[in-house]
Amino acid sequence: MDSFETDLFVIGGGSGGVRAARIAAGHGARVMIAEEYRMGGTCVIRGCVPKKLFAYASHFSHDIADAAGFGWTVPPATFDWATLIANKDKEIARLEAAYTTNVEKSGVQVIKSRAVFEDPHTLVLDGGRRVRSKYILIATGGWPSLPAIPGIEHAITSNEAFHLQSLPKSIVIVGGGYIAVEFACIFAGLGSKV
């Protein structure tokens, strides 16, 4: 008979992995979750949440411009990219801590590590530790990729857009999907030539 260290091992600490881990632990399962980057995953760390904060910031330029039509006298407004980035980072850190705390409170063991399959029931963690689990859930989320084309070294993905040192004076957005359109509107609203 196989001996397992855990009933469920979840690879990926995003919304899906955390929810699955918490539900399983709530039903009495021994659960571990491994996240190699930051708890919270794509949506919380590098997607929906920071993008919404950027979108809110970009809308204020339009609101300020429209205020005069509603009887408001607004002095010339200025925008500070570094303040936006710092406040975004603070909110993301708060949410990451909440994700970690909530999953730990449900009895799940959080492992800050990459987990790689050795066989159908064994995972190898950073440092060589092996964990045997009856079930393994892969909940690693997504990551944008750049095509291998000339000049690609000058391009960034939406992930890097959240960590630019300064607001670009101009930017070209490639693509017409919702993420591209949202970032085009964000950068235009913040004053970049898009």
# chains A, B, ... in the order shown; residues from 1 in each chain; ligands from 1
call {"tool": "select_by_dssp", "arguments": {"residues": "range 49-182 of chain A", "states": "alpha helix (DSSP H)", "output": "ChimeraX atom specification"}}
result
/A:49-67,81-105,158-161,178-182
call {"tool": "closest_atom_pairs", "arguments": {"of": "range 41-127 of chain A", "to": "range 165-185 of chain A", "cutoff": "10 Å", "atoms": "only C-alpha atoms", "output": "JSON lines"}}
result
{"residue": "A:Gly47", "atom": "CA", "partner": "A:Ile179", "partner_atom": "CA", "distance": 9.2}
{"residue": "A:Cys48", "atom": "CA", "partner": "A:Ile179", "partner_atom": "CA", "distance": 9.7}
{"residue": "A:Lys51", "atom": "CA", "partner": "A:Phe183", "partner_atom": "CA", "distance": 8.1}
{"residue": "A:Lys52", "atom": "CA", "partner": "A:Glu182", "partner_atom": "CA", "distance": 9.4}
{"residue": "A:Phe54", "atom": "CA", "partner": "A:Phe183", "partner_atom": "CA", "distance": 8.7}
{"residue": "A:Ala55", "atom": "CA", "partner": "A:Glu182", "partner_atom": "CA", "distance": 7.6}
{"residue": "A:Ser58", "atom": "CA", "partner": "A:Cys185", "partner_atom": "CA", "distance": 7.6}
{"residue": "A:His59", "atom": "CA", "partner": "A:Cys185", "partner_atom": "CA", "distance": 8.9}
{"residue": "A:Phe79", "atom": "CA", "partner": "A:Leu167", "partner_atom": "CA", "distance": 10.0}
{"residue": "A:Asp80", "atom": "CA", "partner": "A:Leu167", "partner_atom": "CA", "distance": 8.8}
{"residue": "A:Trp81", "atom": "CA", "partner": "A:Leu167", "partner_atom": "CA", "distance": 6.1}
{"residue": "A:Ala82", "atom": "CA", "partner": "A:Ser166", "partner_atom": "CA", "distance": 7.1}
{"residue": "A:Ile85", "atom": "CA", "partner": "A:Gln165", "partner_atom": "CA", "distance": 8.7}
call {"tool": "atom_distance", "arguments": {"atom1": "CA of Cys43 in chain A", "atom2": "CA of His27 in chain A"}}
result
26.1 Å
call {"tool": "closest_residue", "arguments": {"among": "A:Ala57, A:Val103, A:Val49, A:Gly12", "to": "Thr83 in chain A", "atoms": "only C-alpha atoms"}}
result
A:Ala57
call {"tool": "closest_residue", "arguments": {"among": "A:Ser158, A:Thr122, A:Ser145, A:Ser61", "to": "Arg46 in chain A", "atoms": "only C-alpha atoms"}}
result
A:Ser158
call {"tool": "residues_around", "arguments": {"residues": "range 17-25 of chain A", "least_positions_apart": "4", "cutoff": "7 Å", "atoms": "only C-alpha atoms", "output": "PyMOL selection string"}}
result
chain A and resi 10+12-13+29-31+103+106-108+139
call {"tool": "closest_residue", "arguments": {"among": "A:Leu53, A:Thr6, A:Glu35, A:Phe60", "to": "Ala188 in chain A", "atoms": "only C-alpha atoms"}}
result
A:Phe60
call {"tool": "atom_distance", "arguments": {"atom1": "CA of Ile136 in chain A", "atom2": "CA of Ala93 in chain A"}}
result
27.5 Å
call {"tool": "select_by_dssp", "arguments": {"residues": "chain A", "states": "strand (DSSP E or B)", "output": "mmCIF file with C-alpha atoms, in the first residue's frame"}}
result
data_model
loop_
_atom_site.group_PDB
_atom_site.id
_atom_site.type_symbol
_atom_site.label_atom_id
_atom_site.label_comp_id
_atom_site.auth_asym_id
_atom_site.auth_seq_id
_atom_site.Cartn_x
_atom_site.Cartn_y
_atom_site.Cartn_z
ATOM 1 C CA THR A 6 -0.903 14.385 1.878
ATOM 2 C CA ASP A 7 -4.275 13.654 0.318
ATOM 3 C CA LEU A 8 -4.222 16.603 -2.097
ATOM 4 C CA PHE A 9 -1.265 18.577 -3.350
ATOM 5 C CA VAL A 10 -2.161 21.744 -5.269
ATOM 6 C CA ILE A 11 0.382 23.265 -7.631
ATOM 7 C CA GLY A 14 -4.002 31.476 -7.439
ATOM 8 C CA VAL A 31 -3.697 19.441 1.852
ATOM 9 C CA MET A 32 -0.508 21.142 0.709
ATOM 10 C CA ILE A 33 -0.256 23.973 -1.816
ATOM 11 C CA ALA A 34 2.909 25.080 -3.590
ATOM 12 C CA GLY A 40 -2.965 35.164 -5.330
ATOM 13 C CA GLN A 109 0.214 23.796 4.430
ATOM 14 C CA VAL A 110 1.651 26.510 2.159
ATOM 15 C CA ILE A 111 4.973 25.753 0.504
ATOM 16 C CA ALA A 115 6.738 21.684 -7.591
ATOM 17 C CA VAL A 116 7.774 19.331 -10.411
ATOM 18 C CA PHE A 117 6.409 15.861 -11.110
ATOM 19 C CA GLU A 118 8.713 12.918 -10.554
ATOM 20 C CA ASP A 119 5.962 10.325 -11.038
ATOM 21 C CA THR A 122 5.519 12.297 -6.273
ATOM 22 C CA LEU A 123 6.524 15.939 -6.563
ATOM 23 C CA VAL A 124 10.007 17.356 -6.170
ATOM 24 C CA LEU A 125 10.244 20.764 -4.515
ATOM 25 C CA ARG A 130 9.964 14.940 -2.294
ATOM 26 C CA VAL A 131 6.277 14.902 -1.406
ATOM 27 C CA ARG A 132 3.966 11.982 -2.142
ATOM 28 C CA SER A 133 0.297 12.818 -2.593
ATOM 29 C CA LYS A 134 -2.745 10.698 -3.357
ATOM 30 C CA TYR A 135 -4.108 13.413 -5.665
ATOM 31 C CA ILE A 136 -2.374 16.316 -7.394
ATOM 32 C CA LEU A 137 -4.184 19.336 -8.810
ATOM 33 C CA ILE A 138 -2.429 21.480 -11.408
ATOM 34 C CA SER A 170 4.525 56.832 -26.003
ATOM 35 C CA LYS A 193 0.675 58.762 -26.645
#
call {"tool": "closest_residue", "arguments": {"among": "A:Glu5, A:Phe187, A:Thr100, A:Gly142", "to": "Tyr56 in chain A", "atoms": "only C-alpha atoms"}}
result
A:Phe187
call {"tool": "atom_distance", "arguments": {"atom1": "CA of Lys90 in chain A", "atom2": "CA of Gly189 in chain A"}}
result
22.2 Å
call {"tool": "residues_around", "arguments": {"residues": "Ile156 in chain A", "least_positions_apart": "2", "cutoff": "10 Å", "atoms": "only C-alpha atoms", "output": "PyMOL selection string"}}
result
chain A and resi 144-146+152-154+158-161+164+173
